[in-house]
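See below for my_file_24.cif, which holds mmCIF, C-alpha atoms and all ligand atoms.
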```
data_run
#
loop_
_atom_site.label_atom_id
_atom_site.label_comp_id
_atom_site.auth_asym_id
_atom_site.auth_seq_id
_atom_site.Cartn_x
_atom_site.Cartn_y
_atom_site.Cartn_z
CA MET A 1350 -79.28 93.35 149.96
CA ASN A 1351 -76.45 93.62 147.51
CA PRO A 1352 -75.44 90.00 146.70
CA LEU A 1353 -71.82 90.95 146.31
CA THR A 1354 -71.75 92.52 149.73
CA LYS A 1355 -73.34 89.43 151.20
CA ASN A 1356 -70.59 87.27 149.70
CA LEU A 1357 -67.89 89.55 150.96
CA LYS A 1358 -69.28 89.77 154.46
CA ALA A 1359 -69.83 86.05 154.67
CA ASP A 1360 -66.23 85.31 153.84
CA PRO A 1361 -63.80 86.27 156.61
CA GLY A 1362 -60.89 85.92 154.19
CA VAL A 1363 -62.28 88.79 152.16
CA MET A 1364 -62.50 91.34 154.94
CA GLY A 1365 -59.15 90.35 156.34
CA PRO A 1366 -57.17 92.08 159.10
CA HIS A 1367 -55.87 95.02 157.07
CA THR A 1368 -59.36 96.47 156.50
CA HIS A 1369 -59.90 96.77 160.24
CA GLU A 1370 -56.58 98.40 161.04
CA ALA A 1371 -57.14 101.92 159.88
CA HIS A 1372 -59.83 104.31 161.05
CA ASP A 1373 -62.92 104.72 158.90
CA SER A 1374 -61.93 108.13 157.55
CA GLU A 1375 -58.47 106.95 156.54
CA ARG A 1376 -59.85 103.86 154.85
CA GLN A 1377 -62.55 105.88 153.08
CA ASN A 1378 -59.86 108.10 151.65
CA ASN A 1379 -57.77 105.22 150.32
CA PRO A 1380 -58.05 104.54 146.58
CA ILE A 1381 -59.87 101.74 144.81
CA GLY A 1382 -57.40 99.50 142.97
CA VAL A 1383 -58.31 98.19 139.53
CA PHE A 1384 -56.29 95.84 137.36
CA ASP A 1385 -56.62 94.44 133.88
CA SER A 1386 -54.37 92.97 131.24
CA GLY A 1387 -54.28 96.33 129.44
CA VAL A 1388 -56.66 99.08 128.38
CA GLY A 1389 -59.94 97.14 128.52
CA GLY A 1390 -60.44 97.62 132.26
CA LEU A 1391 -60.84 101.33 131.58
CA THR A 1392 -64.48 100.50 130.78
CA VAL A 1393 -64.74 99.80 134.53
CA VAL A 1394 -62.90 103.03 135.38
CA SER A 1395 -65.30 104.92 133.12
CA GLU A 1396 -68.17 103.54 135.24
CA LEU A 1397 -66.34 104.48 138.45
CA VAL A 1398 -66.04 108.02 137.13
CA SER A 1399 -69.75 108.28 136.38
CA GLN A 1400 -71.22 106.27 139.27
CA ILE A 1401 -68.86 107.08 142.18
CA PRO A 1402 -67.00 110.21 141.05
CA ARG A 1403 -65.58 111.07 144.47
CA GLU A 1404 -63.42 107.96 144.69
CA ARG A 1405 -59.67 107.90 144.12
CA VAL A 1406 -58.54 105.19 141.71
CA VAL A 1407 -55.24 103.43 141.00
CA TYR A 1408 -55.41 101.49 137.74
CA PHE A 1409 -52.83 98.95 136.69
CA GLY A 1410 -52.76 97.69 133.09
CA ASP A 1411 -50.40 94.74 132.68
CA THR A 1412 -49.63 95.72 129.10
CA ALA A 1413 -46.32 93.81 129.08
CA HIS A 1414 -48.25 90.55 129.32
CA LEU A 1415 -51.42 91.14 127.31
CA PRO A 1416 -53.55 89.53 126.07
CA TYR A 1417 -54.65 87.39 129.00
CA GLY A 1418 -57.60 85.94 127.11
CA THR A 1419 -55.50 83.54 125.07
CA LYS A 1420 -53.23 82.40 127.92
CA SER A 1421 -53.50 79.38 130.20
CA ALA A 1422 -55.33 79.58 133.53
CA ALA A 1423 -52.06 79.02 135.44
CA THR A 1424 -50.30 81.91 133.70
CA ILE A 1425 -53.25 84.29 134.13
CA LEU A 1426 -53.48 83.43 137.83
CA ALA A 1427 -49.76 83.96 138.42
CA LEU A 1428 -49.90 87.36 136.69
CA SER A 1429 -53.05 88.32 138.62
CA LYS A 1430 -51.38 87.56 141.97
CA LYS A 1431 -48.54 89.92 141.05
CA ASN A 1432 -51.05 92.59 140.05
CA VAL A 1433 -52.78 92.35 143.43
CA GLU A 1434 -49.42 92.64 145.21
CA LEU A 1435 -48.58 95.73 143.20
CA LEU A 1436 -51.91 97.44 143.96
CA LEU A 1437 -51.59 96.71 147.68
CA ARG A 1438 -48.47 98.88 147.70
CA TYR A 1439 -50.75 101.82 146.90
CA LYS A 1440 -52.80 101.18 150.08
CA VAL A 1441 -55.95 100.40 148.15
CA LYS A 1442 -59.12 99.75 150.16
CA LEU A 1443 -60.60 97.32 147.63
CA ILE A 1444 -59.45 95.73 144.37
CA ILE A 1445 -61.59 95.29 141.28
CA VAL A 1446 -60.39 92.53 139.00
CA ALA A 1447 -61.63 94.27 135.85
CA CYS A 1448 -60.44 91.50 133.54
CA HIS A 1449 -62.95 88.72 132.92
CA SER A 1450 -60.23 86.22 132.04
CA ALA A 1451 -58.48 86.92 135.37
CA THR A 1452 -61.76 86.85 137.31
CA SER A 1453 -62.71 83.56 135.64
CA VAL A 1454 -59.60 81.69 136.60
CA GLY A 1455 -58.65 83.30 139.90
CA GLU A 1456 -61.28 85.35 141.70
CA ASP A 1457 -61.74 82.96 144.64
CA ILE A 1458 -58.05 82.28 145.06
CA LEU A 1459 -57.15 85.96 144.93
CA ARG A 1460 -59.91 86.72 147.44
CA ASN A 1461 -58.75 84.03 149.86
CA GLU A 1462 -55.21 85.35 149.77
CA SER A 1463 -55.99 89.06 149.91
CA ARG A 1464 -56.17 91.34 152.91
CA VAL A 1465 -58.57 93.73 151.14
CA PRO A 1466 -61.90 92.90 149.48
CA ILE A 1467 -61.56 91.58 145.94
CA VAL A 1468 -64.41 92.19 143.49
CA GLY A 1469 -64.57 90.33 140.20
CA VAL A 1470 -66.57 91.33 137.14
CA ILE A 1471 -68.52 88.10 136.69
CA THR A 1472 -70.98 87.78 139.59
CA PRO A 1473 -72.60 91.22 139.23
CA GLY A 1474 -73.41 90.59 135.55
CA ILE A 1475 -74.75 87.14 136.31
CA ASP A 1476 -77.01 88.44 139.05
CA GLN A 1477 -78.50 91.02 136.71
CA ALA A 1478 -78.91 88.47 133.89
CA CYS A 1479 -80.75 86.07 136.21
CA ARG A 1480 -83.03 88.92 137.31
CA VAL A 1481 -83.99 90.02 133.78
CA THR A 1482 -84.24 86.79 131.80
CA LYS A 1483 -87.82 85.76 131.10
CA ASN A 1484 -87.30 82.57 129.11
CA CYS A 1485 -84.33 81.44 131.25
CA ARG A 1486 -82.02 81.18 128.26
CA ILE A 1487 -78.85 83.22 128.76
CA GLY A 1488 -75.98 83.68 126.30
CA VAL A 1489 -72.43 84.57 127.31
CA ILE A 1490 -69.60 85.82 125.11
CA GLY A 1491 -66.00 86.14 126.31
CA THR A 1492 -62.36 85.46 125.53
CA PRO A 1493 -61.21 81.86 124.90
CA ALA A 1494 -59.77 81.73 128.47
CA THR A 1495 -63.01 82.92 130.06
CA ILE A 1496 -65.21 80.52 128.12
CA ALA A 1497 -62.80 77.57 128.57
CA SER A 1498 -62.83 78.10 132.34
CA GLY A 1499 -66.56 77.37 132.47
CA SER A 1500 -66.85 80.08 135.12
CA TYR A 1501 -69.99 81.66 133.74
CA SER A 1502 -71.99 78.45 133.19
CA LYS A 1503 -71.07 77.12 136.64
CA ALA A 1504 -71.94 80.34 138.45
CA ILE A 1505 -75.20 80.91 136.55
CA LYS A 1506 -76.43 77.36 137.14
CA LYS A 1507 -75.51 77.63 140.80
CA LYS A 1508 -77.55 80.78 141.13
CA LYS A 1509 -80.57 79.73 139.10
CA THR A 1510 -80.87 76.02 138.41
CA ASP A 1511 -83.56 76.28 135.74
CA VAL A 1512 -81.47 78.48 133.43
CA GLU A 1513 -79.91 77.21 130.23
CA VAL A 1514 -76.55 78.82 129.42
CA PHE A 1515 -75.03 79.09 125.96
CA CYS A 1516 -71.41 80.24 125.76
CA GLN A 1517 -69.39 81.47 122.83
CA ALA A 1518 -65.70 82.40 122.73
CA ALA A 1519 -65.29 85.49 120.57
CA GLY A 1520 -61.52 85.69 120.21
CA LEU A 1521 -61.49 88.30 117.43
CA PHE A 1522 -63.48 90.96 119.24
CA VAL A 1523 -60.52 92.22 121.31
CA PRO A 1524 -58.18 92.95 118.36
CA PHE A 1525 -61.04 94.45 116.31
CA VAL A 1526 -61.95 96.85 119.13
CA GLU A 1527 -58.31 97.79 119.72
CA GLU A 1528 -57.96 98.48 116.00
CA GLY A 1529 -60.70 101.10 116.44
CA TRP A 1530 -63.12 99.08 114.32
CA ALA A 1531 -66.09 99.02 116.70
CA ARG A 1532 -68.38 100.23 113.90
CA HIS A 1533 -66.56 98.79 110.90
CA LYS A 1534 -68.46 96.67 108.36
CA LEU A 1535 -65.98 93.82 108.78
CA THR A 1536 -66.65 93.83 112.53
CA ARG A 1537 -70.34 93.47 111.82
CA SER A 1538 -69.65 90.23 109.90
CA VAL A 1539 -67.51 88.95 112.77
CA VAL A 1540 -70.22 89.81 115.30
CA GLU A 1541 -72.82 88.01 113.17
CA GLU A 1542 -70.60 84.96 112.83
CA TYR A 1543 -70.09 84.63 116.59
CA LEU A 1544 -73.63 85.49 117.65
CA GLU A 1545 -75.62 83.47 115.13
CA PRO A 1546 -75.24 80.18 117.06
CA LEU A 1547 -76.40 81.87 120.27
CA MET A 1548 -79.43 83.38 118.55
CA LYS A 1549 -80.38 79.92 117.28
CA HIS A 1550 -80.74 78.96 120.95
CA ASP A 1551 -83.36 81.66 121.39
CA ILE A 1552 -81.53 83.52 124.17
CA ASP A 1553 -83.31 86.57 125.60
CA THR A 1554 -80.30 87.84 127.60
CA LEU A 1555 -76.67 88.21 126.58
CA ILE A 1556 -73.80 88.85 129.00
CA LEU A 1557 -70.81 90.78 127.66
CA GLY A 1558 -68.11 88.74 129.39
CA CYS A 1559 -65.06 90.78 128.41
CA THR A 1560 -63.72 94.27 129.15
CA HIS A 1561 -63.73 95.28 125.49
CA TYR A 1562 -67.26 94.32 124.52
CA PRO A 1563 -69.14 97.38 125.85
CA LEU A 1564 -67.55 99.25 122.93
CA LEU A 1565 -69.32 96.84 120.57
CA MET A 1566 -72.65 97.26 122.33
CA PRO A 1567 -74.43 99.24 119.52
CA LEU A 1568 -73.35 96.73 116.89
CA ILE A 1569 -74.16 93.71 119.04
CA GLN A 1570 -77.61 95.12 119.85
CA LYS A 1571 -78.28 95.59 116.13
CA VAL A 1572 -77.28 92.01 115.38
CA VAL A 1573 -79.20 90.33 118.23
CA GLY A 1574 -82.23 92.64 117.96
CA ALA A 1575 -83.99 94.86 120.46
CA ASN A 1576 -85.65 91.96 122.28
CA VAL A 1577 -82.38 90.62 123.67
CA HIS A 1578 -81.32 92.22 126.92
CA ILE A 1579 -77.58 92.95 126.90
CA ILE A 1580 -75.74 92.96 130.22
CA ASP A 1581 -72.80 95.36 130.58
CA SER A 1582 -70.64 93.79 133.30
CA ALA A 1583 -68.62 96.96 133.92
CA TYR A 1584 -71.78 98.89 134.76
CA GLU A 1585 -73.17 96.12 137.00
CA THR A 1586 -69.84 95.66 138.81
CA VAL A 1587 -69.51 99.30 139.72
CA ARG A 1588 -73.14 99.37 140.88
CA CYS A 1589 -72.26 96.56 143.32
CA VAL A 1590 -69.02 98.24 144.40
CA LYS A 1591 -70.93 101.44 145.14
CA SER A 1592 -73.43 99.63 147.42
CA PHE A 1593 -70.60 97.72 149.07
CA LEU A 1594 -68.68 100.89 149.90
CA ILE A 1595 -71.77 102.57 151.30
CA GLU A 1596 -72.87 99.56 153.36
CA ASN A 1597 -69.39 99.16 154.81
CA ARG A 1598 -68.77 102.85 155.44
CA LEU A 1599 -65.91 102.81 152.98
CA ALA A 1600 -67.26 105.38 150.51
CA ARG A 1601 -65.20 108.54 150.18
CA GLU A 1602 -67.28 111.51 151.24
CA ILE A 1603 -64.99 114.52 150.86
CA GLY A 1604 -62.08 115.61 148.69
CA SER A 1605 -61.60 115.72 144.95
CA PRO A 1606 -61.01 112.51 143.04
CA ASP A 1607 -57.69 111.50 141.55
CA TYR A 1608 -56.81 108.82 139.08
CA GLN A 1609 -53.43 107.16 138.69
CA PHE A 1610 -52.67 105.00 135.68
CA ILE A 1611 -49.77 102.57 135.76
CA VAL A 1612 -48.68 100.12 133.08
CA SER A 1613 -45.98 97.50 132.69
CA ASP A 1614 -45.20 98.48 129.06
CA ASP A 1615 -45.51 101.40 126.64
CA PRO A 1616 -47.34 104.20 128.50
CA GLU A 1617 -47.82 106.24 125.29
CA LYS A 1618 -49.67 103.45 123.53
CA PHE A 1619 -51.88 102.96 126.58
CA GLN A 1620 -52.59 106.67 126.68
CA LYS A 1621 -53.60 106.77 123.01
CA LEU A 1622 -55.73 103.61 123.01
CA GLY A 1623 -57.11 104.28 126.48
CA ARG A 1624 -59.06 107.36 125.36
CA MET A 1625 -61.46 105.16 123.44
CA PHE A 1626 -62.26 103.06 126.53
CA LEU A 1627 -62.29 105.82 129.13
CA LYS A 1628 -64.13 108.28 126.89
CA SER A 1629 -61.73 111.01 128.00
CA GLU A 1630 -58.05 111.93 127.85
CA ILE A 1631 -55.58 110.22 130.18
CA PRO A 1632 -53.22 112.95 131.36
CA LEU A 1633 -50.40 110.85 132.77
CA VAL A 1634 -49.41 107.19 132.58
CA LYS A 1635 -46.55 105.81 134.67
CA HIS A 1636 -44.42 102.80 133.83
CA VAL A 1637 -43.48 100.14 136.37
CA SER A 1638 -41.25 97.16 135.70
CA CYS A 1639 -42.63 93.82 136.74
N1 LIG B 1701 -59.27 92.02 129.62
C1 LIG B 1701 -59.53 90.77 128.92
C2 LIG B 1701 -60.83 90.15 129.44
O1 LIG B 1701 -61.73 90.84 129.87
C3 LIG B 1701 -59.58 90.99 127.43
C4 LIG B 1701 -58.25 91.36 126.84
C5 LIG B 1701 -57.22 90.25 127.00
O2 LIG B 1701 -57.43 89.16 126.45
O3 LIG B 1701 -56.24 90.49 127.66
O4 LIG B 1701 -60.96 88.97 129.41
#
```
If you took the structure in this file and wrote it as structure tokens, what would it be?
Amino acid sequence: MNPLTKNLKADPGVMGPHTHEAHDSERQNNPIGVFDSGVGGLTVVSELVSQIPRERVVYFGDTAHLPYGTKSAATILALSKKNVELLLRYKVKLIIVACHSATSVGEDILRNESRVPIVGVITPGIDQACRVTKNCRIGVIGTPATIASGSYSKAIKKKKTDVEVFCQAAGLFVPFVEEGWARHKLTRSVVEEYLEPLMKHDIDTLILGCTHYPLLMPLIQKVVGANVHIIDSAYETVRCVKSFLIENRLAREIGSPDYQFIVSDDPEKFQKLGRMFLKSEIPLVKHVSC
């Protein structure tokens, strides 16, 4: 049984009244909403495209307020609530909080207040990490906000009490990736600097706890070595969403997909930078004021 589905079903607040209003076929046809502070959440959209290509998607990048990863928990939560409100206007059937910083500080609160299921990017990665670790020593890297929230350590220890968790904030990874330096020699030094302390703890599993880090995957794997299992949270999250949609008869079965991209600032910049994360062109980006 998909652990995410179990959580969602067990919590009446998650499957609130709205999800029961419409008929199955109408709900199946409604889009999946995704939000992030900016372009990073496109790593999740890229997984949606490859794992559940029939789905319609509305993506909101809150580019007017990025980065989230250096902001306080209260600010990130307030912005996240607005993002959920905005996506609900598009009649989404489910919302993925693609941003780890937003998931860290607000997933439960957003879920309790939402009338559609809310899926964060933390639990699916944790579940996979707990399944694959052999020596029960798991490393986590994320933004300063994600690591400061303690969300990963708390959730991992709750799931598997005998696991040791080692966390490292890697604040420079986001700007380096956005600069297009995923394979640059300077980035390699930065990766080594951040990961060395984790490697000293003999971790055998490393969770990429930020939207941007899948782009650094080849470099990170080189630095940590082939024996460390790297968990891509975007991939794991979409795997869970796929099972959830199927189990709840919410998966879209007919029709061609469509993707809408909305930002709160500078659509052109999003379009340019977004290519790198989505691994394809973004035809149209709309601006909304918020
Ligand atoms: N999306 C953020 C996250 O996954 C990274 C970028 C930011 O700091 O806004 O935490």
Problem set entry | Between CA of Val1590 (chain A) and CA of His1449 (chain A), distance in Å (one decimal) |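 Atom-to-atom, CA of Val1590 (chain A) to CA of His1449 (chain A), that is 16.1 Å.
For the residues A:Leu1594, A:Val1523, A:Ile1458, A:Leu1568, ranking by smallest atom-to-atom distance to Leu1415 (chain A) using all atoms listed in the file places A:Val1523 first.
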Problem set entry | Answer as a count of residues only, residues within 10 Å of (-62.1, 102.2, 117.9) using all atoms listed in the file | 15
Seminar exercise, completed: In terms of all atoms listed in the file, the residue from A:Val1407, A:Lys1430, A:Leu1437, A:Lys1442 at minimal distance from Pro1606 (chain A) is A:Val1407
Would you write out, as a tab-separated table, a table of all residues in chain A that have an atom no more than 7 Å from an atom of ligand LIG 1701 (chain B), listing for each the closest atom pair and the distance in Å to one decimal, considering all atoms listed in the file and ordering rows by chain and rising residue number?
```
residue	atom	partner	partner_atom	distance
A:Asp1385	CA	B:LIG1701	N1	5.6
A:Ser1386	CA	B:LIG1701	O3	4.7
A:Gly1387	CA	B:LIG1701	O3	6.4
A:Gly1389	CA	B:LIG1701	N1	5.3
A:Gly1390	CA	B:LIG1701	N1	6.3
A:Leu1415	CA	B:LIG1701	O3	4.9
A:Pro1416	CA	B:LIG1701	O3	3.3
A:Tyr1417	CA	B:LIG1701	O3	3.7
A:Gly1418	CA	B:LIG1701	O2	3.3
A:Thr1419	CA	B:LIG1701	O2	6.1
A:Ala1447	CA	B:LIG1701	O1	6.9
A:Cys1448	CA	B:LIG1701	O1	3.9
A:His1449	CA	B:LIG1701	O1	3.9
A:Ser1450	CA	B:LIG1701	O4	3.9
A:Ala1451	CA	B:LIG1701	O4	6.8
A:Gly1491	CA	B:LIG1701	O4	6.6
A:Thr1492	CA	B:LIG1701	O4	5.4
A:Thr1495	CA	B:LIG1701	O4	6.4
A:Val1523	CA	B:LIG1701	C4	6.0
A:Gly1558	CA	B:LIG1701	O1	6.7
A:Cys1559	CA	B:LIG1701	O1	3.6
A:Thr1560	CA	B:LIG1701	O1	4.0
A:His1561	CA	B:LIG1701	C3	6.3
```
Mind writing the picked residues with C-alpha atoms as a short mmCIF file (atom, residue, chain, number, x, y, z; two decimals), in the coordinates of the input?
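Dumped everything to again_37.cif:
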```cif
data_model
loop_
_atom_site.label_atom_id
_atom_site.label_comp_id
_atom_site.auth_asym_id
_atom_site.auth_seq_id
_atom_site.Cartn_x
_atom_site.Cartn_y
_atom_site.Cartn_z
CA ASP A 1385 -56.62 94.44 133.88
CA SER A 1386 -54.37 92.97 131.24
CA GLY A 1387 -54.28 96.33 129.44
CA GLY A 1389 -59.94 97.14 128.52
CA GLY A 1390 -60.44 97.62 132.26
CA LEU A 1415 -51.42 91.14 127.31
CA PRO A 1416 -53.55 89.53 126.07
CA TYR A 1417 -54.65 87.39 129.00
CA GLY A 1418 -57.60 85.94 127.11
CA THR A 1419 -55.50 83.54 125.07
CA ALA A 1447 -61.63 94.27 135.85
CA CYS A 1448 -60.44 91.50 133.54
CA HIS A 1449 -62.95 88.72 132.92
CA SER A 1450 -60.23 86.22 132.04
CA ALA A 1451 -58.48 86.92 135.37
CA GLY A 1491 -66.00 86.14 126.31
CA THR A 1492 -62.36 85.46 125.53
CA THR A 1495 -63.01 82.92 130.06
CA VAL A 1523 -60.52 92.22 121.31
CA GLY A 1558 -68.11 88.74 129.39
CA CYS A 1559 -65.06 90.78 128.41
CA THR A 1560 -63.72 94.27 129.15
CA HIS A 1561 -63.73 95.28 125.49
#
```
Exercise. Interatomic distance between CA of Gln1570 (chain A) and CA of Arg1486 (chain A)?
Worked result: 16.9 Å
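The residue that comes closest to Val1398 (chain A), out of A:Arg1588, A:Lys1571, A:Lys1618, A:Lys1507 and on the basis of only C-alpha atoms, is A:Arg1588.
Using all atoms listed in the file, the smallest distance between any of A:Ile1505, A:Val1489, A:Val1481, A:Leu1435 and Leu1544 (chain A) comes from A:Val1489.
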Sorted by chain and rising residue number, which residues of region 1359-1460 of chain A lie within 7 Å of region 1600-1603 of chain A, and what are their closest atom pairs and distances in Å to one decimal, counting only C-alpha atoms, as a tab-separated table?
```
residue	atom	partner	partner_atom	distance
A:Gln1377	CA	A:Arg1601	CA	4.7
A:Asn1378	CA	A:Arg1601	CA	5.6
A:Arg1403	CA	A:Arg1601	CA	6.3
A:Glu1404	CA	A:Arg1601	CA	5.8
```
Exercise. If you count all atoms listed in the file, which residues fall within 8 Å of Gly1623 (chain A), apart from same-chain ones fewer than 5 positions away, as number ranges by chain?
Worked result: A: 1388-1389, 1391, 1630-1631
Exercise. Suppose you want the space between CA of Ile1611 (chain A) and CA of Ser1638 (chain A); what is it in Å?
Worked result: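 Interatomic distance here is 10.1 Å.
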Put the listed atoms of region 1554-1561 of chain A in a box along x, y and z with 6 Å added on every side and give me the centre and edge lengths in Å to one decimal, as AutoDock Vina command-line options.
```
--center_x -72.0 --center_y 91.6 --center_z 127.4 --size_x 28.6 --size_y 19.4 --size_z 15.9
```
Exercise. Taking all atoms listed in the file into account, which of A:Arg1376, A:Lys1534, A:Arg1480, A:Lys1431 comes nearest Lys1508 (chain A)?
Worked result: A:Arg1480
For this session: Skip region 1576-1585 of chain A itself and residues of its chain fewer than 5 positions away, then list as a ChimeraX atom specification all residues within 10 Å of it, counting all atoms listed in the file.
Result: /A:1390-1397,1399-1400,1447-1449,1469-1478,1481-1482,1487-1489,1548,1551-1563,1566,1569-1571,1590-1591
